[in-house]
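What follows is model.cif (mmCIF, C-alpha atoms).
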data_target
#
loop_
_atom_site.label_atom_id
_atom_site.label_comp_id
_atom_site.auth_asym_id
_atom_site.auth_seq_id
_atom_site.Cartn_x
_atom_site.Cartn_y
_atom_site.Cartn_z
CA MET A 138 106.90 92.15 95.93
CA LYS A 139 107.42 88.40 95.86
CA PRO A 140 110.22 87.01 98.08
CA GLN A 141 113.65 87.10 96.45
CA GLN A 142 116.48 84.94 97.73
CA TYR A 143 119.33 86.83 99.36
CA LEU A 144 122.83 85.41 98.85
CA GLN A 145 124.56 84.24 102.01
CA GLY A 146 128.29 84.54 102.43
CA PRO A 147 131.17 84.55 102.42
CA ALA A 148 130.94 81.35 100.41
CA LYS A 149 131.98 79.81 97.12
CA LEU A 150 129.92 80.15 93.96
CA LEU A 151 130.12 76.48 92.91
CA ASN A 152 130.12 73.07 94.52
CA PRO A 153 132.93 70.66 93.56
CA ASP A 154 130.58 69.00 91.02
CA GLY A 155 130.01 72.33 89.28
CA SER A 156 126.49 72.96 90.58
CA LEU A 157 125.56 76.33 92.05
CA ILE A 158 125.54 76.47 95.83
CA GLN A 159 122.86 79.17 95.80
CA ALA A 160 121.04 81.56 93.51
CA GLY A 161 119.77 85.03 94.33
CA TRP A 162 121.01 88.57 94.83
CA ALA A 163 123.01 90.64 97.31
CA ARG A 164 124.03 94.24 97.95
CA GLN A 165 127.70 93.25 98.11
CA PRO A 166 129.79 90.55 96.36
CA VAL A 167 129.83 87.76 98.96
CA LEU A 168 130.76 84.78 96.76
CA ASP A 169 134.15 83.57 95.54
CA ALA A 170 134.12 82.99 91.77
CA ASN A 171 135.64 79.49 91.78
CA LEU A 172 135.12 79.04 88.05
CA GLU A 173 137.68 76.24 88.03
CA ASP A 174 135.00 73.98 89.53
CA SER A 175 132.67 74.45 86.53
CA HIS A 176 131.53 71.05 85.23
CA PHE A 177 129.02 71.35 82.43
CA TYR A 178 131.01 69.16 79.97
CA ARG A 179 132.06 65.59 80.56
CA ILE A 180 135.62 66.54 79.60
CA ARG A 181 136.64 69.33 81.96
CA ALA A 182 139.55 70.47 79.79
CA LEU A 183 137.08 71.77 77.20
CA GLN A 184 135.17 73.92 79.66
CA LYS A 185 137.53 76.88 79.65
CA LEU A 186 136.59 77.48 76.02
CA ARG A 187 133.00 78.16 77.09
CA LEU A 188 133.64 80.39 80.11
CA LYS A 189 132.81 84.06 79.58
CA VAL A 190 134.49 86.69 81.75
CA TRP A 191 134.60 90.46 81.32
CA ASP A 192 134.97 93.88 82.90
CA TYR A 193 133.00 96.64 81.15
CA TYR A 194 133.49 100.20 82.40
CA ALA A 195 131.46 103.20 81.29
CA ILE A 196 131.87 106.90 82.02
CA THR A 197 128.89 109.21 81.45
CA THR A 198 129.72 112.92 81.19
CA PRO A 199 127.49 115.84 80.19
CA SER A 200 128.92 115.73 76.64
CA HIS A 201 130.33 112.22 76.03
CA PHE A 202 130.04 108.54 76.80
CA PHE A 203 133.35 106.65 77.16
CA SER A 204 133.43 102.87 77.41
CA PHE A 205 136.32 100.43 77.96
CA THR A 206 136.13 96.62 78.06
CA ILE A 207 138.49 93.71 78.61
CA SER A 208 136.95 90.30 77.99
CA ASP A 209 137.79 86.63 77.56
CA VAL A 210 134.99 84.61 75.97
CA GLY A 211 136.97 81.36 75.90
CA TYR A 212 138.15 80.97 72.34
CA LEU A 213 138.57 84.72 71.87
CA GLY A 214 139.65 87.75 73.79
CA MET A 215 138.00 91.04 72.92
CA VAL A 216 139.46 94.34 74.10
CA PHE A 217 137.45 97.30 72.91
CA ALA A 218 136.50 100.89 73.50
CA TYR A 219 133.95 103.30 72.10
CA VAL A 220 133.15 106.98 72.40
CA ILE A 221 129.89 108.80 71.68
CA GLU A 222 129.55 112.58 71.51
CA PHE A 223 125.98 113.38 72.49
CA ASP A 224 125.45 116.65 70.59
CA THR A 225 126.92 115.66 67.22
CA LYS A 226 126.20 111.90 67.55
CA GLU A 227 129.77 111.29 66.39
CA TYR A 228 130.76 107.74 67.27
CA GLN A 229 133.98 105.78 67.18
CA GLU A 230 134.59 102.16 68.20
CA GLN A 231 137.55 99.85 67.84
CA THR A 232 138.14 96.26 68.91
CA LEU A 233 141.19 94.04 69.29
CA THR A 234 140.26 90.38 68.67
CA LEU A 235 142.74 87.99 70.28
CA PRO A 236 142.70 84.23 69.55
CA PHE A 237 142.24 82.29 72.79
CA ALA A 238 142.48 85.60 74.69
CA ALA A 239 146.27 85.58 74.50
CA GLY A 240 147.65 88.27 76.80
CA VAL A 241 144.33 89.07 78.50
CA ARG A 242 144.45 89.09 82.27
CA LEU A 243 141.29 89.17 84.41
CA PRO A 244 141.15 88.68 88.19
CA ARG A 245 139.19 86.03 90.04
CA ASN A 246 136.80 88.36 91.87
CA SER A 247 135.42 91.88 91.51
CA THR A 248 136.76 93.19 94.80
CA GLU A 249 140.48 93.24 94.03
CA GLY A 250 143.11 92.69 91.38
CA VAL A 251 144.12 93.97 87.97
CA SER A 252 142.42 93.46 84.61
CA GLU A 253 144.68 94.27 81.70
CA TYR A 254 145.91 93.77 78.18
CA VAL A 255 149.35 95.18 77.37
CA LYS A 256 151.28 94.76 74.15
CA ASP A 257 154.01 97.03 72.76
CA ASP A 258 152.67 100.59 73.14
CA PHE A 259 149.07 99.48 73.77
CA LEU A 260 147.69 99.48 77.31
CA MET A 261 144.31 98.95 78.88
CA ARG A 262 144.38 98.36 82.63
CA PHE A 263 141.70 98.37 85.34
CA THR A 264 142.76 98.24 88.98
CA ALA A 265 140.42 97.53 91.89
CA GLN A 266 141.56 99.27 95.08
CA LYS A 267 140.05 99.39 98.55
CA ASP A 268 138.07 102.59 98.00
CA ALA A 269 138.33 103.25 94.26
CA ARG A 270 138.86 101.83 90.79
CA THR A 271 141.35 103.19 88.29
CA ILE A 272 141.36 103.02 84.51
CA SER A 273 144.48 103.55 82.39
CA VAL A 274 144.35 103.50 78.58
CA ARG A 275 146.97 104.12 75.89
CA TRP A 276 145.57 103.42 72.42
CA ALA A 277 147.42 104.95 69.47
CA GLY A 278 145.57 104.97 66.16
CA PHE A 279 142.11 105.05 67.69
CA GLY A 280 139.91 106.74 65.12
CA LYS A 281 141.44 110.00 63.90
CA GLY A 282 144.03 110.12 66.65
CA THR A 283 144.55 108.46 69.98
CA LEU A 284 142.47 107.40 72.95
CA ASN A 285 144.27 107.86 76.24
CA ALA A 286 142.79 108.01 79.72
CA GLU A 287 143.66 108.19 83.40
CA LEU A 288 140.52 107.86 85.52
CA ARG A 289 139.60 107.26 89.13
CA LEU A 290 136.14 106.03 90.13
CA GLU A 291 135.27 106.43 93.80
CA CYS A 292 133.93 103.17 95.22
CA PRO A 293 134.09 103.00 99.04
CA PRO A 294 133.46 99.62 100.72
CA GLU A 295 129.96 100.68 101.81
CA GLN A 296 128.91 101.37 98.19
CA GLU A 297 126.12 98.92 97.36
CA SER A 298 125.90 97.16 94.01
CA MET A 299 123.58 94.73 92.30
CA THR A 300 125.18 91.31 92.67
CA ILE A 301 123.26 88.37 91.29
CA VAL A 302 123.60 84.66 90.56
CA ILE A 303 121.29 83.29 87.86
CA PRO A 304 121.10 79.53 87.12
CA ILE A 305 121.13 78.46 83.47
CA ARG A 306 120.22 74.89 82.60
CA GLY A 307 122.89 72.20 82.39
CA LYS A 308 125.03 73.46 85.29
CA ARG A 309 125.46 76.78 83.56
CA TYR A 310 125.22 80.07 85.41
CA TYR A 311 125.78 83.80 85.42
CA TYR A 312 127.54 85.60 88.30
CA ASN A 313 127.28 89.35 87.80
CA ARG A 314 128.02 92.56 89.67
CA LYS A 315 126.84 95.97 88.51
CA ILE A 316 128.16 99.12 90.21
CA ASN A 317 126.49 102.41 89.28
CA CYS A 318 127.07 106.08 90.02
CA MET A 319 130.77 106.06 90.96
CA PRO A 320 132.01 109.69 91.03
CA ALA A 321 134.67 109.94 88.31
CA SER A 322 137.75 112.15 88.09
CA GLY A 323 140.76 112.41 85.80
CA TRP A 324 141.03 112.98 82.06
CA VAL A 325 140.40 111.44 78.67
CA GLU A 326 142.37 112.41 75.56
CA TYR A 327 140.34 111.76 72.40
CA GLN A 328 140.83 113.09 68.86
CA ASN A 329 143.62 115.36 70.05
CA LYS A 330 141.41 116.99 72.68
CA GLN A 331 141.66 116.51 76.42
CA PHE A 332 138.45 116.21 78.41
CA GLU A 333 138.55 116.87 82.13
CA ILE A 334 136.46 114.40 84.10
CA GLU A 335 134.99 115.92 87.26
CA PRO A 336 132.97 114.07 89.94
CA ALA A 337 130.35 116.81 90.21
CA THR A 338 129.11 115.99 86.71
CA CYS A 339 130.68 112.66 85.65
CA LEU A 340 129.80 109.18 86.86
CA GLY A 341 131.26 105.75 86.19
CA SER A 342 129.72 102.29 86.17
CA LEU A 343 130.98 98.71 86.00
CA ASP A 344 129.43 95.57 84.53
CA TRP A 345 131.48 92.66 85.90
CA GLY A 346 130.40 89.31 84.46
CA ARG A 347 131.52 85.72 84.95
CA GLY A 348 129.63 82.70 83.70
CA VAL A 349 128.64 80.07 81.19
CA TRP A 350 125.68 80.55 78.86
CA GLU A 351 123.79 78.30 76.53
CA TYR A 352 125.18 78.58 73.01
CA GLN A 353 122.22 80.70 71.88
CA SER A 354 121.44 83.50 74.33
CA PHE A 355 119.32 86.63 74.48
CA TRP A 356 118.99 89.46 76.94
CA VAL A 357 117.74 93.00 77.44
CA TRP A 358 119.64 95.35 79.75
CA ALA A 359 118.91 98.94 80.77
CA SER A 360 121.22 101.12 82.82
CA ALA A 361 121.92 104.71 83.79
CA SER A 362 124.08 106.72 86.16
CA GLY A 363 123.00 110.32 86.59
CA PHE A 364 121.62 112.97 88.91
CA LEU A 365 118.26 114.06 90.28
CA ALA A 366 117.31 117.73 90.28
CA ASP A 367 118.63 118.02 93.85
CA ARG A 368 121.99 116.53 92.67
CA ARG A 369 121.58 113.22 94.43
CA ARG A 370 123.10 110.39 92.38
CA ILE A 371 120.53 108.06 90.81
CA GLY A 372 121.26 104.83 88.94
CA LEU A 373 119.21 102.20 87.13
CA ASN A 374 119.82 98.51 86.50
CA LEU A 375 116.98 96.63 84.81
CA GLY A 376 116.88 93.56 82.63
CA PHE A 377 115.50 90.19 81.57
CA GLY A 378 116.29 87.34 79.21
CA PHE A 379 118.42 84.27 79.80
CA GLY A 380 118.34 81.95 82.78
CA ASP A 381 116.05 81.23 85.72
CA THR A 382 115.24 84.40 87.66
CA SER A 383 112.76 82.78 90.04
CA ALA A 384 115.19 83.28 92.95
CA ALA A 385 115.77 86.96 92.13
CA THR A 386 115.78 89.50 89.33
CA GLU A 387 118.51 92.06 88.71
CA ASN A 388 116.01 94.94 88.75
CA CYS A 389 116.81 97.83 91.05
CA PHE A 390 117.63 101.49 91.23
CA ILE A 391 120.48 103.01 93.19
CA LEU A 392 120.17 106.21 95.21
CA GLU A 393 123.32 107.74 96.71
CA GLY A 394 125.04 104.34 96.83
CA LYS A 395 122.09 102.38 98.26
CA ILE A 396 120.24 99.66 96.34
CA HIS A 397 116.43 99.85 96.21
CA LYS A 398 115.34 96.40 95.04
CA LEU A 399 112.54 95.85 92.55
CA ASP A 400 110.78 92.66 91.50
CA ASP A 401 109.58 92.22 87.91
CA VAL A 402 109.78 95.07 85.41
CA GLN A 403 107.77 95.01 82.20
CA PHE A 404 109.57 96.31 79.10
CA THR A 405 107.62 97.56 76.09
CA TYR A 406 109.55 98.48 72.94
CA ASP A 407 109.46 97.98 69.16
CA HIS A 408 111.78 95.17 68.02
CA GLN A 409 111.58 96.57 64.47
CA ASN A 410 112.29 100.15 65.48
CA PHE A 411 114.57 100.42 68.50
CA LYS A 412 114.60 104.22 68.17
CA ALA A 413 110.95 104.46 69.20
CA PRO A 414 110.35 105.22 72.91
CA TRP A 415 110.61 102.32 75.38
CA THR A 416 108.53 101.99 78.54
CA MET A 417 109.62 100.23 81.71
CA ARG A 418 107.09 99.69 84.47
CA SER A 419 106.85 97.53 87.58
CA PRO A 420 103.45 95.97 88.36
CA ASP A 421 103.60 97.37 91.91
CA GLY A 422 103.91 100.92 90.57
CA ARG A 423 107.31 101.65 92.13
CA LEU A 424 108.94 102.24 88.74
CA ASP A 425 107.34 104.04 85.80
CA LEU A 426 109.78 105.23 83.15
CA ILE A 427 109.88 106.27 79.52
CA PHE A 428 113.19 105.89 77.73
CA THR A 429 113.58 108.06 74.62
CA PRO A 430 116.56 107.06 72.44
CA PHE A 431 118.66 109.61 70.59
CA PHE A 432 121.46 107.34 69.31
CA GLU A 433 121.74 103.71 68.21
CA ARG A 434 124.98 101.77 68.55
CA VAL A 435 124.93 98.54 66.55
CA ALA A 436 127.75 96.10 67.27
CA LYS A 437 128.05 92.86 65.32
CA SER A 438 130.61 90.08 65.61
CA ASP A 439 130.88 87.06 63.34
CA ALA A 440 133.86 84.82 64.07
CA LEU A 441 132.67 81.37 62.97
CA VAL A 442 131.61 79.82 66.28
CA LEU A 443 130.91 83.22 67.83
CA LYS A 444 128.18 85.49 66.51
CA SER A 445 126.75 88.47 68.33
CA GLU A 446 124.47 91.39 67.54
CA VAL A 447 123.61 94.15 69.97
CA HIS A 448 121.43 97.20 69.49
CA GLN A 449 122.46 99.54 72.30
CA MET A 450 120.27 102.62 72.44
CA PHE A 451 121.41 105.79 74.20
CA GLY A 452 118.79 108.22 75.34
CA THR A 453 117.05 109.90 78.26
CA TYR A 454 114.98 108.47 81.10
CA ASN A 455 111.95 110.36 82.36
CA GLY A 456 109.42 109.26 84.95
CA SER A 457 109.47 108.21 88.58
CA VAL A 458 110.68 105.58 91.03
CA GLU A 459 109.73 104.94 94.64
CA THR A 460 112.28 104.09 97.34
CA GLU A 461 111.88 101.25 99.82
CA GLU A 462 111.00 103.94 102.38
CA GLY A 463 108.19 105.32 100.20
CA GLU A 464 109.85 108.47 98.80
CA ARG A 465 108.78 109.21 95.23
CA LEU A 466 111.61 110.46 93.02
CA THR A 467 111.31 112.16 89.64
CA LEU A 468 113.83 111.42 86.89
CA SER A 469 114.18 114.18 84.31
CA ASN A 470 116.32 113.61 81.20
CA VAL A 471 118.74 111.23 82.91
CA ILE A 472 121.09 109.89 80.20
CA GLY A 473 121.48 106.13 80.01
CA TRP A 474 121.09 103.20 77.68
CA ALA A 475 118.92 100.19 76.90
CA GLU A 476 119.98 97.28 74.72
CA GLU A 477 118.77 94.09 73.08
CA HIS A 478 121.45 91.46 72.56
CA HIS A 479 121.37 88.18 70.64
CA ALA A 480 124.41 85.91 70.81
CA ARG A 481 125.65 82.52 69.69
CA TRP A 482 128.72 81.93 71.82
#

Final C-alpha cells representation of the file:
Amino acid sequence: MKPQQYLQGPAKLLNPDGSLIQAGWARQPVLDANLEDSHFYRIRALQKLRLKVWDYYAITTPSHFFSFTISDVGYLGMVFAYVIEFDTKEYQEQTLTLPFAAGVRLPRNSTEGVSEYVKDDFLMRFTAQKDARTISVRWAGFGKGTLNAELRLECPPEQESMTIVIPIRGKRYYYNRKINCMPASGWVEYQNKQFEIEPATCLGSLDWGRGVWEYQSFWVWASASGFLADRRRIGLNLGFGFGDTSAATENCFILEGKIHKLDDVQFTYDHQNFKAPWTMRSPDGRLDLIFTPFFERVAKSDALVLKSEVHQMFGTYNGSVETEEGERLTLSNVIGWAEEHHARW
C-alpha cells in the first residue's frame, strides 16, 4: 500500500487565507471545521451560498432501511427521509426544500451539538452525545401515514471512523466523517406500524459532510453496516470521484469499531444498467467483493442553479476482506448500498 498522509491534530481545517492546512485521513475527527475562513471567492460574503453541510443518518434492520438527513447546501436547505422495505421493495421518500436553508441548524463539528429543523408539528433532530447519538423525528403526512422515530446509536469515544480531508482545486475542499456499525435501539413508527429497533440486529451509520465543491461534481460511494457469520460487526466505506486523493483515499472496512485502511479500490459496474452486479477489488488483494443490487433508488433534484441525480443501489455484498493483521474475513449477503451521483451545485 502506498503511503497515505495521516491527519495531525487537534488543529484547524483551514488557514486564514482559506487554504487547507493539511490533507489526509484519520481514525478520529481531529480538525476543527472553521468554515468561516473559506476563501474561494474574491467577495467573501458570497461564499456561504456555496458551502455544503449535511448530516445523513441511516439505520439498517433485517427488514427495512430508514434514512434521515438534514442539509444546508447554501441557497437551499433540504430535509428528507426515505424508507425501503426489503421484501416487498416498497419505497417512500419525502423532502422539504427550504430557500436559503431557513430554520436549518447544523453544528460546527461532528463530535458534539444538535442538528435540527423544527417547524409547527414537524421535527427532525440529531443530537451528538459523549457515547451515543440520538435521532428524533415527527413527520405527519409522510406517505400513507406518519414517520416518527426515537433512536439511540451507540458511539463510544474509542469508536473509530473514516475521517478524511480531500483538496478540490481553487481552495475548495471536502471534510468528511463516516461512522459505521453503531448498534441501534429504539423504535420507528411508519405507515401506522411500530418497528422495534434492537442492537443485536440493527446498525446505524452517519455520513457527516462539510465542504465546497466545484459546480459540476461526480462521485461513487459504497457503504454497508452488517454482521459476519460469527456476529462481529463489519462495515464498508469505499469511493472515488471528485478531488485530489493523492494524500489519502476514503477506502476502508470497519471491524468491531476498528478501521482497517485500504489504498485504491477498483470499481467495475455498468453505467447503463446499475442493477447488474458490481465488483470492487483492491490491487493488493485485501478486498474482493461482488455487490448484487436488488433495489434502485433514483433521486433527482432540479432547482435552477442546483441539479442532482443519484442512482443509489441497495443490495448484498459477498466476498472477502483481509485485516491489517492478516485475518481473512468472509462477507455473506451483507446488506448495503452503492451509488453514482452527478451534481451541479

Using all atoms listed in the file, what residues lie at most 8 Å away from (136.6, 96.7, 72.2) (file coordinates), given as a list in words?
->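 Residues satisfying the cut-off, written out: Phe205, Thr206, Ile207, Met215, Val216, Phe217, Ala218, Tyr219, Glu230, Gln231, Thr232 and Leu233 of chain A.
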
Same residues, C-alpha atoms, output as a PDB file, in the coordinates of the input:
ATOM      1  CA  PHE A 205     136.320 100.430  77.960  1.00  0.00           C
ATOM      2  CA  THR A 206     136.130  96.620  78.060  1.00  0.00           C
ATOM      3  CA  ILE A 207     138.490  93.710  78.610  1.00  0.00           C
ATOM      4  CA  MET A 215     138.000  91.040  72.920  1.00  0.00           C
ATOM      5  CA  VAL A 216     139.460  94.340  74.100  1.00  0.00           C
ATOM      6  CA  PHE A 217     137.450  97.300  72.910  1.00  0.00           C
ATOM      7  CA  ALA A 218     136.500 100.890  73.500  1.00  0.00           C
ATOM      8  CA  TYR A 219     133.950 103.300  72.100  1.00  0.00           C
ATOM      9  CA  GLU A 230     134.590 102.160  68.200  1.00  0.00           C
ATOM     10  CA  GLN A 231     137.550  99.850  67.840  1.00  0.00           C
ATOM     11  CA  THR A 232     138.140  96.260  68.910  1.00  0.00           C
ATOM     12  CA  LEU A 233     141.190  94.040  69.290  1.00  0.00           C
TER      13      LEU A 233
END

Neighbours of Phe332 in chain A within 12 Å (all atoms listed in the file; same-chain residues fewer than 5 positions away dropped), as a VMD selection string?
-> chain A and resid 196 198 to 203 222 284 to 288 322 to 327 339

For range 378-394 of chain A, please output as a PyMOL selection string all residues within 6 Å (counting only C-alpha atoms; exclusion window: fewer than 6 positions along the same chain).
-> chain A and resi 141-142+161+296-297+304-305+355-356+370-372

Calculate how many Å separate CA of Gly282 in chain A from CA of Ile472 in chain A, rounding to one decimal.
->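 One can read the CA of Gly282 in chain A to CA of Ile472 in chain A distance as 26.6 Å.
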
For range 435-439 of chain A, work out the shell of residues within 12 Å, counting only C-alpha atoms and skipping chain neighbours fewer than 2 positions away, then give it as a PyMOL selection string.
-> chain A and resi 213+215+217-219+228-234+411-412+432-433+441-451+476-482

For Phe237 in chain A, which of A:Lys281, A:Arg434, A:Lys267, A:Lys185 is the closest residue, counting all atoms listed in the file?
->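 Of the candidates, the smallest distance to Phe237 in chain A is held by A:Lys185.
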
Picked residues, the PyMOL selection byres ((chain A and resi 295) around 12), expected as a PyMOL selection string = chain A and resi 164-166+267-269+291-294+296-298+316+393-396

List the residues matched by the PyMOL selection byres ((chain A and resi 270) around 7) in the displayed structure as a list in words, ordered by chain and then by residue number.
->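 That expression, the PyMOL selection byres ((chain A and resi 270) around 7), corresponds here to Thr264, Ala265, Gln266, Ala269, Thr271, Ile272, Arg289, Leu290, Glu291 and Cys292 of chain A.
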
Might you spell out which residues the PyMOL selection byres ((chain A and resi 462) around 12) would select in the displayed file, as a list in words?
->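 Residues picked by the PyMOL selection byres ((chain A and resi 462) around 12): Leu392, Lys395, Ile396, His397, Lys398, Arg423, Val458, Glu459, Thr460, Glu461, Gly463, Glu464, Arg465 and Leu466 of chain A.
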
Neighbourhood query: residues within 10 Å of (131.8, 74.1, 95.9), file coordinates, counting only C-alpha atoms; return as a tab-separated table (two decimals) with C-alpha atoms, keeping the file's coordinate frame.
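Output file selection-v4.tsv follows:
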chain	number	residue	atom	x	y	z
A	148	ALA	CA	130.94	81.35	100.41
A	149	LYS	CA	131.98	79.81	97.12
A	150	LEU	CA	129.92	80.15	93.96
A	151	LEU	CA	130.12	76.48	92.91
A	152	ASN	CA	130.12	73.07	94.52
A	153	PRO	CA	132.93	70.66	93.56
A	154	ASP	CA	130.58	69.00	91.02
A	155	GLY	CA	130.01	72.33	89.28
A	156	SER	CA	126.49	72.96	90.58
A	157	LEU	CA	125.56	76.33	92.05
A	158	ILE	CA	125.54	76.47	95.83
A	169	ASP	CA	134.15	83.57	95.54
A	171	ASN	CA	135.64	79.49	91.78
A	172	LEU	CA	135.12	79.04	88.05
A	174	ASP	CA	135.00	73.98	89.53
A	175	SER	CA	132.67	74.45	86.53

Compile the contact shell of Ala361 in chain A as a compact mmCIF listing (two decimals) with C-alpha atoms, keeping the file's coordinate frame: residues with an atom at most 10 Å away, counting only C-alpha atoms, same-chain residues fewer than 4 positions apart removed.
# COMPACT_ATOMS: atom_id res chain seq x y z
CA ALA A 195 131.46 103.20 81.29
CA THR A 197 128.89 109.21 81.45
CA ASN A 317 126.49 102.41 89.28
CA CYS A 318 127.07 106.08 90.02
CA LEU A 340 129.80 109.18 86.86
CA GLY A 341 131.26 105.75 86.19
CA SER A 342 129.72 102.29 86.17
CA ILE A 371 120.53 108.06 90.81
CA GLY A 372 121.26 104.83 88.94
CA LEU A 373 119.21 102.20 87.13
CA ASN A 374 119.82 98.51 86.50
CA LEU A 375 116.98 96.63 84.81
CA PHE A 390 117.63 101.49 91.23
CA ILE A 391 120.48 103.01 93.19
CA PHE A 451 121.41 105.79 74.20
CA GLY A 452 118.79 108.22 75.34
CA THR A 453 117.05 109.90 78.26
CA TYR A 454 114.98 108.47 81.10
CA VAL A 471 118.74 111.23 82.91
CA ILE A 472 121.09 109.89 80.20
CA GLY A 473 121.48 106.13 80.01
CA TRP A 474 121.09 103.20 77.68
CA ALA A 475 118.92 100.19 76.90
